[in-house]
file query_13.cif (mmCIF, C-alpha atoms)
data_data
loop_
_atom_site.group_PDB
_atom_site.id
_atom_site.type_symbol
_atom_site.label_atom_id
_atom_site.label_comp_id
_atom_site.auth_asym_id
_atom_site.auth_seq_id
_atom_site.Cartn_x
_atom_site.Cartn_y
_atom_site.Cartn_z
ATOM 1 C CA ASN V 1 21.977 -20.694 3.318
ATOM 2 C CA PRO V 2 18.707 -21.259 1.393
ATOM 3 C CA SER V 3 19.937 -24.514 -0.142
ATOM 4 C CA SER V 4 20.569 -26.055 3.270
ATOM 5 C CA LEU V 5 16.901 -25.377 4.039
ATOM 6 C CA GLY V 6 15.786 -27.083 0.839
ATOM 7 C CA LEU V 7 14.903 -23.734 -0.708
ATOM 8 C CA HIS V 8 15.370 -24.085 -4.454
ATOM 9 C CA THR V 9 12.468 -22.164 -5.995
ATOM 10 C CA VAL V 10 10.786 -19.024 -4.671
ATOM 11 C CA VAL V 11 7.679 -17.491 -6.221
ATOM 12 C CA ILE V 12 7.074 -13.803 -5.555
ATOM 13 C CA ASP V 13 3.553 -12.581 -6.179
ATOM 14 C CA PRO V 14 3.150 -8.843 -6.859
ATOM 15 C CA GLY V 15 -0.412 -8.273 -5.669
ATOM 16 C CA HIS V 16 -3.203 -7.033 -7.937
ATOM 17 C CA GLY V 17 -2.413 -5.859 -11.504
ATOM 18 C CA GLY V 18 -4.210 -5.046 -14.728
ATOM 19 C CA LYS V 19 -7.849 -4.132 -14.102
ATOM 20 C CA ASP V 20 -7.284 -4.467 -10.352
ATOM 21 C CA PRO V 21 -5.273 -1.455 -9.074
ATOM 22 C CA GLY V 22 -5.300 -2.508 -5.431
ATOM 23 C CA ALA V 23 -5.124 0.294 -2.879
ATOM 24 C CA MET V 24 -4.850 3.814 -4.250
ATOM 25 C CA SER V 25 -3.708 7.177 -2.946
ATOM 26 C CA LYS V 26 -6.399 9.783 -2.289
ATOM 27 C CA ASP V 27 -5.525 11.580 -5.524
ATOM 28 C CA GLY V 28 -5.702 8.297 -7.457
ATOM 29 C CA LYS V 29 -2.248 8.769 -8.968
ATOM 30 C CA THR V 30 -0.410 6.157 -6.915
ATOM 31 C CA GLN V 31 -1.606 2.573 -7.234
ATOM 32 C CA GLU V 32 -0.634 -0.423 -5.150
ATOM 33 C CA LYS V 33 -0.295 -2.670 -8.202
ATOM 34 C CA GLN V 34 2.674 -0.693 -9.566
ATOM 35 C CA LEU V 35 4.469 -0.233 -6.237
ATOM 36 C CA VAL V 36 4.284 -3.918 -5.333
ATOM 37 C CA LEU V 37 5.511 -4.848 -8.819
ATOM 38 C CA ASP V 38 8.561 -2.613 -8.346
ATOM 39 C CA ILE V 39 9.194 -4.057 -4.869
ATOM 40 C CA SER V 40 8.822 -7.630 -6.133
ATOM 41 C CA LYS V 41 11.256 -7.080 -8.993
ATOM 42 C CA LYS V 42 13.845 -5.635 -6.614
ATOM 43 C CA LEU V 43 13.354 -8.524 -4.197
ATOM 44 C CA LYS V 44 13.793 -10.990 -7.075
ATOM 45 C CA GLU V 45 17.026 -9.295 -8.135
ATOM 46 C CA LYS V 46 18.342 -9.264 -4.572
ATOM 47 C CA ILE V 47 17.679 -12.972 -4.012
ATOM 48 C CA GLU V 48 19.195 -13.912 -7.363
ATOM 49 C CA SER V 49 22.268 -11.776 -6.692
ATOM 50 C CA GLU V 50 22.936 -13.184 -3.228
ATOM 51 C CA HIS V 51 21.763 -16.757 -3.893
ATOM 52 C CA PRO V 52 22.313 -17.623 -7.584
ATOM 53 C CA ASP V 53 21.395 -21.268 -6.917
ATOM 54 C CA VAL V 54 17.824 -20.252 -6.027
ATOM 55 C CA LYS V 55 15.336 -19.847 -8.878
ATOM 56 C CA VAL V 56 13.051 -16.837 -8.388
ATOM 57 C CA LEU V 57 9.851 -16.440 -10.387
ATOM 58 C CA LEU V 58 7.182 -13.726 -10.506
ATOM 59 C CA THR V 59 3.463 -14.425 -10.935
ATOM 60 C CA ARG V 60 3.377 -11.287 -13.117
ATOM 61 C CA ASP V 61 6.237 -9.189 -14.483
ATOM 62 C CA ARG V 62 4.337 -6.215 -15.897
ATOM 63 C CA ASP V 63 1.501 -3.933 -14.932
ATOM 64 C CA GLY V 64 -1.120 -4.764 -17.545
ATOM 65 C CA VAL V 65 -1.636 -8.340 -16.375
ATOM 66 C CA PHE V 66 -4.548 -9.462 -14.180
ATOM 67 C CA VAL V 67 -3.868 -12.819 -12.524
ATOM 68 C CA PRO V 68 -6.736 -14.488 -10.623
ATOM 69 C CA LEU V 69 -5.850 -15.316 -7.020
ATOM 70 C CA ILE V 70 -6.269 -19.040 -7.562
ATOM 71 C CA ASP V 71 -3.874 -18.951 -10.545
ATOM 72 C CA ARG V 72 -1.168 -17.243 -8.485
ATOM 73 C CA ALA V 73 -0.983 -20.183 -6.119
ATOM 74 C CA ARG V 74 -1.409 -22.692 -8.952
ATOM 75 C CA PHE V 75 1.561 -21.088 -10.709
ATOM 76 C CA ALA V 76 3.672 -21.598 -7.580
ATOM 77 C CA SER V 77 2.529 -25.204 -7.256
ATOM 78 C CA GLY V 78 3.214 -25.876 -10.925
ATOM 79 C CA LYS V 79 6.759 -24.572 -10.529
ATOM 80 C CA GLN V 80 7.216 -26.726 -7.412
ATOM 81 C CA ALA V 81 8.006 -23.645 -5.353
ATOM 82 C CA ASP V 82 9.381 -24.096 -1.870
ATOM 83 C CA LEU V 83 8.207 -20.654 -0.740
ATOM 84 C CA PHE V 84 5.441 -18.260 -1.815
ATOM 85 C CA ILE V 85 5.658 -14.546 -1.003
ATOM 86 C CA SER V 86 2.729 -12.278 -1.883
ATOM 87 C CA VAL V 87 3.578 -8.565 -1.709
ATOM 88 C CA HIS V 88 0.922 -5.978 -0.818
ATOM 89 C CA ILE V 89 0.596 -2.438 0.500
ATOM 90 C CA ASN V 90 -2.310 -1.460 2.720
ATOM 91 C CA ALA V 91 -4.417 1.657 2.379
ATOM 92 C CA ASN V 92 -4.858 3.824 5.451
ATOM 93 C CA ASP V 93 -6.957 6.875 6.315
ATOM 94 C CA ARG V 94 -4.386 8.253 8.762
ATOM 95 C CA SER V 95 -2.220 11.123 7.578
ATOM 96 C CA ALA V 96 1.063 9.424 8.461
ATOM 97 C CA PRO V 97 0.730 5.633 8.386
ATOM 98 C CA ASN V 98 3.890 3.742 9.171
ATOM 99 C CA GLY V 99 5.133 0.209 9.520
ATOM 100 C CA TYR V 100 4.931 -3.210 7.954
ATOM 101 C CA SER V 101 3.120 -6.428 8.773
ATOM 102 C CA ILE V 102 3.498 -10.071 7.868
ATOM 103 C CA HIS V 103 0.540 -12.385 7.384
ATOM 104 C CA LEU V 104 0.145 -16.136 7.184
ATOM 105 C CA LEU V 105 -2.899 -18.322 6.722
ATOM 106 C CA GLY V 106 -4.956 -19.045 9.788
ATOM 107 C CA PRO V 107 -7.708 -17.823 12.103
ATOM 108 C CA SER V 108 -7.033 -14.423 13.651
ATOM 109 C CA SER V 109 -4.478 -14.788 16.442
ATOM 110 C CA ASP V 110 -5.551 -11.550 18.137
ATOM 111 C CA LYS V 111 -8.621 -11.679 20.366
ATOM 112 C CA ASN V 112 -8.814 -7.903 20.611
ATOM 113 C CA LYS V 113 -12.129 -7.123 18.949
ATOM 114 C CA ASP V 114 -11.001 -3.906 17.241
ATOM 115 C CA THR V 115 -7.857 -5.509 15.821
ATOM 116 C CA TYR V 116 -9.843 -8.530 14.702
ATOM 117 C CA ALA V 117 -12.332 -6.282 12.933
ATOM 118 C CA PHE V 118 -9.465 -4.441 11.242
ATOM 119 C CA ASN V 119 -7.895 -7.710 10.093
ATOM 120 C CA MET V 120 -11.222 -8.897 8.698
ATOM 121 C CA ASP V 121 -11.631 -5.593 6.854
ATOM 122 C CA VAL V 122 -8.212 -6.048 5.245
ATOM 123 C CA CYS V 123 -9.090 -9.640 4.317
ATOM 124 C CA LYS V 124 -12.399 -8.586 2.809
ATOM 125 C CA ARG V 125 -10.752 -5.853 0.722
ATOM 126 C CA GLU V 126 -7.959 -8.116 -0.540
ATOM 127 C CA ASN V 127 -10.251 -11.070 -1.243
ATOM 128 C CA GLU V 128 -12.871 -9.029 -3.122
ATOM 129 C CA VAL V 129 -10.621 -9.120 -6.183
ATOM 130 C CA ILE V 130 -12.139 -12.591 -6.658
ATOM 131 C CA LEU V 131 -15.286 -10.854 -7.882
ATOM 132 C CA LEU V 132 -13.324 -9.587 -10.909
ATOM 133 C CA GLU V 133 -12.588 -13.150 -11.957
ATOM 134 C CA ASP V 134 -14.655 -15.218 -14.359
ATOM 135 C CA ASP V 135 -16.837 -17.838 -12.644
ATOM 136 C CA TYR V 136 -15.231 -17.294 -9.249
ATOM 137 C CA SER V 137 -17.939 -19.269 -7.432
ATOM 138 C CA THR V 138 -16.811 -22.497 -9.113
ATOM 139 C CA ALA V 139 -13.103 -21.850 -8.732
ATOM 140 C CA TYR V 140 -13.315 -21.043 -5.027
ATOM 141 C CA GLN V 141 -15.952 -23.656 -4.134
ATOM 142 C CA GLY V 142 -18.424 -21.472 -2.312
ATOM 143 C CA PHE V 143 -15.969 -19.061 -0.716
ATOM 144 C CA ASP V 144 -17.707 -15.676 -0.462
ATOM 145 C CA PRO V 145 -15.170 -12.845 -0.147
ATOM 146 C CA LYS V 146 -17.875 -10.483 1.149
ATOM 147 C CA ASP V 147 -18.964 -12.792 3.958
ATOM 148 C CA PRO V 148 -16.760 -12.802 7.096
ATOM 149 C CA GLU V 149 -18.342 -16.120 8.039
ATOM 150 C CA SER V 150 -16.295 -17.720 5.266
ATOM 151 C CA ASP V 151 -13.542 -17.581 7.899
ATOM 152 C CA ILE V 152 -15.038 -20.824 9.239
ATOM 153 C CA PHE V 153 -13.444 -22.676 6.321
ATOM 154 C CA LEU V 154 -10.090 -22.164 8.000
ATOM 155 C CA HIS V 155 -11.143 -24.448 10.847
ATOM 156 C CA LEU V 156 -11.869 -27.225 8.373
ATOM 157 C CA MET V 157 -8.592 -27.023 6.487
ATOM 158 C CA HIS V 158 -5.382 -28.824 7.244
ATOM 159 C CA ASN V 159 -2.406 -26.571 6.661
ATOM 160 C CA SER V 160 0.759 -28.619 7.030
ATOM 161 C CA TYR V 161 2.887 -25.590 6.153
ATOM 162 C CA ARG V 162 1.698 -23.239 8.876
ATOM 163 C CA GLU V 163 4.683 -23.848 11.169
ATOM 164 C CA GLN V 164 7.174 -23.194 8.346
ATOM 165 C CA SER V 165 5.201 -20.126 7.271
ATOM 166 C CA LEU V 166 5.351 -18.791 10.818
ATOM 167 C CA PHE V 167 9.090 -19.468 11.024
ATOM 168 C CA PHE V 168 9.658 -17.513 7.816
ATOM 169 C CA ALA V 169 7.308 -14.730 8.948
ATOM 170 C CA GLN V 170 9.310 -14.338 12.168
ATOM 171 C CA PHE V 171 12.544 -14.199 10.167
ATOM 172 C CA VAL V 172 11.126 -11.525 7.845
ATOM 173 C CA ASP V 173 9.868 -9.518 10.813
ATOM 174 C CA GLN V 174 13.306 -9.481 12.423
ATOM 175 C CA GLU V 175 15.127 -8.620 9.194
ATOM 176 C CA LEU V 176 12.785 -5.789 8.223
ATOM 177 C CA LYS V 177 13.465 -4.089 11.548
ATOM 178 C CA ASN V 178 16.963 -3.405 10.226
ATOM 179 C CA GLY V 179 15.606 -1.632 7.138
ATOM 180 C CA PRO V 180 14.278 1.855 6.420
ATOM 181 C CA ILE V 181 10.804 1.096 7.839
ATOM 182 C CA GLN V 182 11.523 -0.178 11.321
ATOM 183 C CA LYS V 183 8.079 -0.193 12.900
ATOM 184 C CA SER V 184 6.619 -3.685 12.977
ATOM 185 C CA ASN V 185 2.852 -4.022 13.170
ATOM 186 C CA GLY V 186 3.359 -7.672 13.949
ATOM 187 C CA ILE V 187 2.604 -11.080 12.489
ATOM 188 C CA SER V 188 -1.025 -12.009 11.934
ATOM 189 C CA GLN V 189 -2.911 -15.095 10.880
ATOM 190 C CA ASN V 190 -5.544 -14.197 8.302
ATOM 191 C CA ASN V 191 -7.924 -15.770 5.811
ATOM 192 C CA PHE V 192 -6.319 -14.375 2.662
ATOM 193 C CA ALA V 193 -7.544 -16.358 -0.337
ATOM 194 C CA VAL V 194 -4.181 -16.146 -2.099
ATOM 195 C CA LEU V 195 -2.528 -17.859 0.889
ATOM 196 C CA ARG V 196 -5.375 -20.347 1.279
ATOM 197 C CA GLN V 197 -4.666 -21.727 -2.189
ATOM 198 C CA ALA V 198 -0.909 -22.138 -1.660
ATOM 199 C CA SER V 199 0.496 -25.651 -1.260
ATOM 200 C CA MET V 200 3.814 -24.550 0.252
ATOM 201 C CA PRO V 201 4.963 -22.228 3.053
ATOM 202 C CA ALA V 202 3.427 -18.846 2.237
ATOM 203 C CA VAL V 203 3.385 -15.318 3.639
#
call {"tool": "encode", "arguments": {"input": "query_13.cif", "output": "structure tokens"}}
result
Amino acid sequence: NPSSLGLHTVVIDPGHGGKDPGAMSKDGKTQEKQLVLDISKKLKEKIESEHPDVKVLLTRDRDGVFVPLIDRARFASGKQADLFISVHINANDRSAPNGYSIHLLGPSSDKNKDTYAFNMDVCKRENEVILLEDDYSTAYQGFDPKDPESDIFLHLMHNSYREQSLFFAQFVDQELKNGPIQKSNGISQNNFAVLRQASMPAV
């Protein structure tokens, strides 16, 4: 029961939007921003249907809206959200990619060099949306989305919600295995800017 866990407000963040299409299919016709919006709306409806006592809010509810990463987390904080869920879809060069992954804020938990490099590539691609924002250097206080060394900031930050984020990530991982896409690519800690700005458990 969400209420017994103190879960009263959930903010769902459909990634990208507006001038930022996110990942795109090779033919350019399918854009991440629209798919994640559809997924987020369905997730909102499902939570509201099964748990009417939980308020569910979206950081954007239509396609033509570009929301800076920092404002997504600020929106959640302003609404006193107990949980922040950012929804994304990765791009992949393979002909038949499959699976899902869950990410929470933190240094990479995988010491395998190839996997680490892949995770950093995903982080770089997702964080580069910052460059579309006005005066991003002031808003993000020196965080450079193109520089992997910005990962060092994670070691200087205190994240009191990491344990709760991990608990939720593990729950999501188990539940998704019962759905139509059953292959789990695991839970990763990553330096996603949208999670770095959140002041509540976030995945």
call {"tool": "closest_residue", "arguments": {"input": "query_13.cif", "among": "V:Ile187, V:Met200, V:Leu83, V:Ile12", "to": "Thr59 in chain V", "atoms": "only C-alpha atoms"}}
result
V:Ile12
call {"tool": "resolve_selection", "arguments": {"input": "query_13.cif", "expression": "the PyMOL selection byres ((chain V and resi 39) around 12)", "output": "mmCIF file with C-alpha atoms, keeping the file's coordinate frame"}}
result
data_model
loop_
_atom_site.group_PDB
_atom_site.id
_atom_site.type_symbol
_atom_site.label_atom_id
_atom_site.label_comp_id
_atom_site.auth_asym_id
_atom_site.auth_seq_id
_atom_site.Cartn_x
_atom_site.Cartn_y
_atom_site.Cartn_z
ATOM 1 C CA ILE V 12 7.074 -13.803 -5.555
ATOM 2 C CA ASP V 13 3.553 -12.581 -6.179
ATOM 3 C CA PRO V 14 3.150 -8.843 -6.859
ATOM 4 C CA GLY V 15 -0.412 -8.273 -5.669
ATOM 5 C CA GLU V 32 -0.634 -0.423 -5.150
ATOM 6 C CA LYS V 33 -0.295 -2.670 -8.202
ATOM 7 C CA GLN V 34 2.674 -0.693 -9.566
ATOM 8 C CA LEU V 35 4.469 -0.233 -6.237
ATOM 9 C CA VAL V 36 4.284 -3.918 -5.333
ATOM 10 C CA LEU V 37 5.511 -4.848 -8.819
ATOM 11 C CA ASP V 38 8.561 -2.613 -8.346
ATOM 12 C CA SER V 40 8.822 -7.630 -6.133
ATOM 13 C CA LYS V 41 11.256 -7.080 -8.993
ATOM 14 C CA LYS V 42 13.845 -5.635 -6.614
ATOM 15 C CA LEU V 43 13.354 -8.524 -4.197
ATOM 16 C CA LYS V 44 13.793 -10.990 -7.075
ATOM 17 C CA GLU V 45 17.026 -9.295 -8.135
ATOM 18 C CA LYS V 46 18.342 -9.264 -4.572
ATOM 19 C CA LEU V 58 7.182 -13.726 -10.506
ATOM 20 C CA ASP V 61 6.237 -9.189 -14.483
ATOM 21 C CA ILE V 85 5.658 -14.546 -1.003
ATOM 22 C CA SER V 86 2.729 -12.278 -1.883
ATOM 23 C CA VAL V 87 3.578 -8.565 -1.709
ATOM 24 C CA HIS V 88 0.922 -5.978 -0.818
ATOM 25 C CA ILE V 89 0.596 -2.438 0.500
#
call {"tool": "closest_residue", "arguments": {"input": "query_13.cif", "among": "V:Pro201, V:Gly18, V:Gly28, V:Gly78", "to": "Val65 in chain V", "atoms": "only C-alpha atoms"}}
result
V:Gly18
call {"tool": "residues_around", "arguments": {"input": "query_13.cif", "residues": "range 67-74 of chain V", "least_positions_apart": "5", "cutoff": "6 Å", "atoms": "only C-alpha atoms", "output": "list in words"}}
result
Thr59, Val194, Gln197 and Ala198 of chain V
call {"tool": "atom_distance", "arguments": {"input": "query_13.cif", "atom1": "CA of Ser199 in chain V", "atom2": "CA of Lys177 in chain V"}}
result
28.2 Å
call {"tool": "closest_residue", "arguments": {"input": "query_13.cif", "among": "V:Arg60, V:Asp82, V:Lys29, V:Ser77", "to": "Val10 in chain V", "atoms": "only C-alpha atoms"}}
result
V:Asp82
call {"tool": "resolve_selection", "arguments": {"input": "query_13.cif", "expression": "the PyMOL selection byres ((chain V and resi 161-167) around 8)", "output": "PyMOL selection string"}}
result
chain V and resi 104-106+159-160+168-171+199-203
call {"tool": "atom_distance", "arguments": {"input": "query_13.cif", "atom1": "CA of Pro97 in chain V", "atom2": "CA of Gly186 in chain V"}}
result
14.7 Å
call {"tool": "residues_around", "arguments": {"input": "query_13.cif", "residues": "Gly6 in chain V", "least_positions_apart": "5", "cutoff": "12 Å", "atoms": "only C-alpha atoms", "output": "list of chain:residue names"}}
result
V:Asn1, V:Asp53, V:Val54, V:Gln80, V:Ala81, V:Asp82, V:Leu83
call {"tool": "resolve_selection", "arguments": {"input": "query_13.cif", "expression": "the PyMOL selection byres ((chain V and resi 19) around 8)", "output": "PyMOL selection string"}}
result
chain V and resi 17-18+20-21+64-66
call {"tool": "atom_distance", "arguments": {"input": "query_13.cif", "atom1": "CA of Val11 in chain V", "atom2": "CA of Ala76 in chain V"}}
result
5.9 Å
